[in-house]
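Step one of this worksheet: look at the structure below.
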Amino acid sequence: MKYFYLTVVSAIILTSCGGENKQSVEDIIASKDLELIRKKKTELDAKAQEISTQLKELEKEIKVLDPQEKIPLITTFAAKETVFNHFVELQGNVSTKQNVVIYPEFSGTLTRVYVKEGQKVSKGQILAKIDDGGLSQQLTQLQIQADLAKTTFERQERLWNQKIGSEIQYLQAKSSYEAQEQAVSQLKQQVGKTVVRAPFSGTIDDVITEQGTVVAPGQSMLFRIVNLQDMYIETDVPERYISNVIPGKKVEVEFPILGKKLDAKIRQAGNFINPANRTFKAEIAINNKNNNIKPNLTAKLKINDYTSDNAILIKQSIISENAEGEQYVYIVSNKNNSMAKAKRVIIETGKTQGDNIEVLSGLKNGDEIIDEGARSVKDGQDVKILKIEV
């Protein structure tokens, strides 16, 4: 066809220029006659426009007469079984069960604060001391009485074992001693509440109340203590995933603020569906060796809820739907070199991931599926394959 165009163009130019003016363009340019050069350019512009119009008409007629020009041009790719991992994409917040505000258990003046912000503390370490209001002196006196009651009881017991004295004297001494011991124990517990201790090992994140302040149980916040080692992400999972989002499932975790990604697993999946939003809770344990992950940090989660080892994936854009609501794609058949026929195949699809969708039935490994041109062909139509994507 290329040679045909060249022949036509040459014939038209020769016919147009042959009889009217035998002077060549080179001769006209060499004459340096501006008026003559402009006149020649105007003639050639008009002839070029006429030739362009004639070429378009010839090309149009060629498409009508040549059957090869009516065959759609397509590209194809081969269906291939592959491992398909589907992910549920959610958002969660970092939490820790060891992130608490410490309140006093005793009313009084905060006489001493032994720690500062950022300090690491151990479980049971003394953090502060509250004025006991004289309880220590009372405990000392009560302990003296308890010691006396113990001595009296021991002597009375020895006499009773020797059958000396009455049983009532022995029982009274025993009762008095036990009562004193119980009173000492109770007062020790009260005095113990004046000492504020760390409930677990961690870091003092905030010293809320300063030394010298009067504090009260359940009202005055003293410290915030945090342990960043036992961290986890909590997220709300839609109830439709309750059978697939279970403990042990793999999770891809991303912290956009930190620019950090890590792999984790679901530690716990809730058994209660929240009626307000139809979701259940899931916990993902995370490693925080560098302590750069903080409570309430936002995380993006991709939970692997479904895996198929022999899945066929295709682009959603090549799928069409008929009047009955059935989905279909086109494959090629009766292939002969680059020529073939388009064949419509009804398919059943499953889960999607990005632009791809899993085909559950209708296609088999090795089928040559029409990609580009899929929406312009018809069932049984001849097609010409431009390329095959492997």
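In the structure tokens, each chain is lettered A, B, ... as it comes, each chain's residues begin at 1, and ligands are numbered from 1 in order of appearance.
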
Report as a Markdown table: every residue of range 65-116 of chain A with an atom at most 12 Å from range 317-341 of chain A, its closest pair of atoms, and their distance in Å to one decimal, counting only C-alpha atoms, with rows sorted by chain and ascending residue number.
| residue | atom | partner | partner_atom | distance |
| --- | --- | --- | --- | --- |
| A:Gln68 | CA | A:Met339 | CA | 10.6 |
| A:Ile71 | CA | A:Met339 | CA | 9.3 |
| A:Pro72 | CA | A:Met339 | CA | 10.3 |
| A:Leu73 | CA | A:Met339 | CA | 9.7 |
| A:Ile74 | CA | A:Ser338 | CA | 9.9 |
| A:Thr75 | CA | A:Val332 | CA | 10.2 |
| A:Thr76 | CA | A:Ile331 | CA | 8.1 |
| A:Phe77 | CA | A:Ile331 | CA | 9.3 |
| A:Ala78 | CA | A:Ile331 | CA | 9.4 |
| A:Ala79 | CA | A:Ile331 | CA | 9.8 |

Worksheet item: Can you tell me, as a ChimeraX atom specification, what residues are no more than 9 Å from Lys188 in chain A when counting only C-alpha atoms, ignoring any on the same chain fewer than 4 positions away?
Response: /A:135-136,139,183-184,192-193

I need the chosen residues saved as a compact mmCIF listing (two decimals), in the first residue's frame, with N, CA and C atoms.
# COMPACT_ATOMS: atom_id res chain seq x y z
N LEU A 135 0.25 8.15 111.51
CA LEU A 135 -0.03 6.71 111.53
C LEU A 135 1.21 5.90 111.91
N SER A 136 2.39 6.38 111.55
CA SER A 136 3.62 5.63 111.88
C SER A 136 3.80 5.54 113.39
N LEU A 139 1.36 3.11 114.71
CA LEU A 139 1.79 1.74 114.42
C LEU A 139 2.85 1.29 115.41
N ALA A 183 -4.77 -5.92 114.26
CA ALA A 183 -4.78 -4.46 114.27
C ALA A 183 -3.47 -3.91 113.68
N VAL A 184 -2.34 -4.55 114.04
CA VAL A 184 -1.04 -4.13 113.49
C VAL A 184 -1.03 -4.31 111.98
N GLY A 192 1.26 1.62 104.48
CA GLY A 192 1.80 1.24 103.17
C GLY A 192 1.20 2.04 102.04
N LYS A 193 -0.04 2.49 102.20
CA LYS A 193 -0.69 3.28 101.16
C LYS A 193 -0.11 4.69 101.04

Item to complete: Pick out the residues sitting within 10 Å of Asp355 in chain A, and hand them over as a VMD selection string; count only C-alpha atoms, and ignore anything fewer than 4 positions along from it in its own chain.
Response: chain A and resid 313 to 317

May I have the selected residues written with C-alpha atoms, as a short mmCIF file (atom, residue, chain, number, x, y, z; two decimals), in the first residue's frame?
data_model
loop_
_atom_site.label_atom_id
_atom_site.label_comp_id
_atom_site.auth_asym_id
_atom_site.auth_seq_id
_atom_site.Cartn_x
_atom_site.Cartn_y
_atom_site.Cartn_z
CA LEU A 313 -5.96 -13.23 37.94
CA ILE A 314 -7.17 -10.87 35.21
CA LYS A 315 -7.71 -7.11 34.93
CA GLN A 316 -11.20 -5.94 35.85
CA SER A 317 -11.24 -3.60 32.85
#

Discussion item. What's around Thr109 in chain A at 10 Å? Count only C-alpha atoms, leave out sequence neighbours fewer than 6 positions away in its own chain, and write the answer as a list in words.
Written reply: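 With the cut-off at 10 Å, the set is Lys129, Ile130, Asp131, Asp132, Gly133, Thr194, Gln211, Gly212, Thr213, Val214, Val215 and Ala216 of chain A.
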
Discussion item. Given only C-alpha atoms as the basis, pick out the residue of A:Thr209, A:Ser24, A:Ser201, A:Thr307 nearest to Val121 in chain A.
Written reply: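 Selected residue with least distance to Val121 in chain A: A:Ser201.
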
Within range 166-251 of chain A, find each residue whose DSSP state, derived from the backbone, is alpha helix (DSSP H), and express the selection as a PDB file with C-alpha atoms, in the first residue's frame.
ATOM      1  CA  GLU A 167      -8.704 -22.527 130.072  1.00  0.00           C
ATOM      2  CA  ILE A 168     -10.491 -19.181 129.962  1.00  0.00           C
ATOM      3  CA  GLN A 169      -7.271 -17.358 130.851  1.00  0.00           C
ATOM      4  CA  TYR A 170      -5.476 -19.162 128.014  1.00  0.00           C
ATOM      5  CA  LEU A 171      -8.214 -18.331 125.518  1.00  0.00           C
ATOM      6  CA  GLN A 172      -8.362 -14.682 126.593  1.00  0.00           C
ATOM      7  CA  ALA A 173      -4.584 -14.324 126.154  1.00  0.00           C
ATOM      8  CA  LYS A 174      -4.769 -15.968 122.732  1.00  0.00           C
ATOM      9  CA  SER A 175      -7.682 -13.809 121.615  1.00  0.00           C
ATOM     10  CA  SER A 176      -5.960 -10.612 122.804  1.00  0.00           C
ATOM     11  CA  TYR A 177      -2.769 -11.521 120.942  1.00  0.00           C
ATOM     12  CA  GLU A 178      -4.567 -12.348 117.674  1.00  0.00           C
ATOM     13  CA  ALA A 179      -6.581  -9.127 117.886  1.00  0.00           C
ATOM     14  CA  GLN A 180      -3.416  -7.065 118.371  1.00  0.00           C
ATOM     15  CA  GLU A 181      -1.720  -8.821 115.451  1.00  0.00           C
ATOM     16  CA  GLN A 182      -4.695  -8.110 113.201  1.00  0.00           C
ATOM     17  CA  ALA A 183      -4.778  -4.461 114.268  1.00  0.00           C
ATOM     18  CA  VAL A 184      -1.043  -4.129 113.487  1.00  0.00           C
ATOM     19  CA  SER A 185      -1.570  -5.719 110.073  1.00  0.00           C
ATOM     20  CA  GLN A 186      -4.411  -3.361 109.217  1.00  0.00           C
ATOM     21  CA  LEU A 187      -2.462  -0.298 110.294  1.00  0.00           C
ATOM     22  CA  LYS A 188       0.574  -1.471 108.312  1.00  0.00           C
ATOM     23  CA  GLN A 189      -1.634  -1.635 105.235  1.00  0.00           C
ATOM     24  CA  GLN A 190      -2.791   1.928 105.855  1.00  0.00           C
ATOM     25  CA  VAL A 191       0.776   3.157 106.314  1.00  0.00           C
ATOM     26  CA  GLY A 192       1.801   1.241 103.173  1.00  0.00           C
TER      27      GLY A 192
END

Item to complete: Can you pull out every residue within 12 Å of range 275-290 of chain A, counting only C-alpha atoms, but drop anything in the same chain fewer than 4 positions away, and send it as a ChimeraX atom specification?
Response: /A:90-97,227-255,260-271,294-295,299-303

Worksheet entry | DSSP strand (DSSP E or B) selection over range 133-306 of chain A, as a ChimeraX atom specification | /A:195-197,202-207,214-215,223-226,231-238,250-255,260-269,274,279-286,298-306
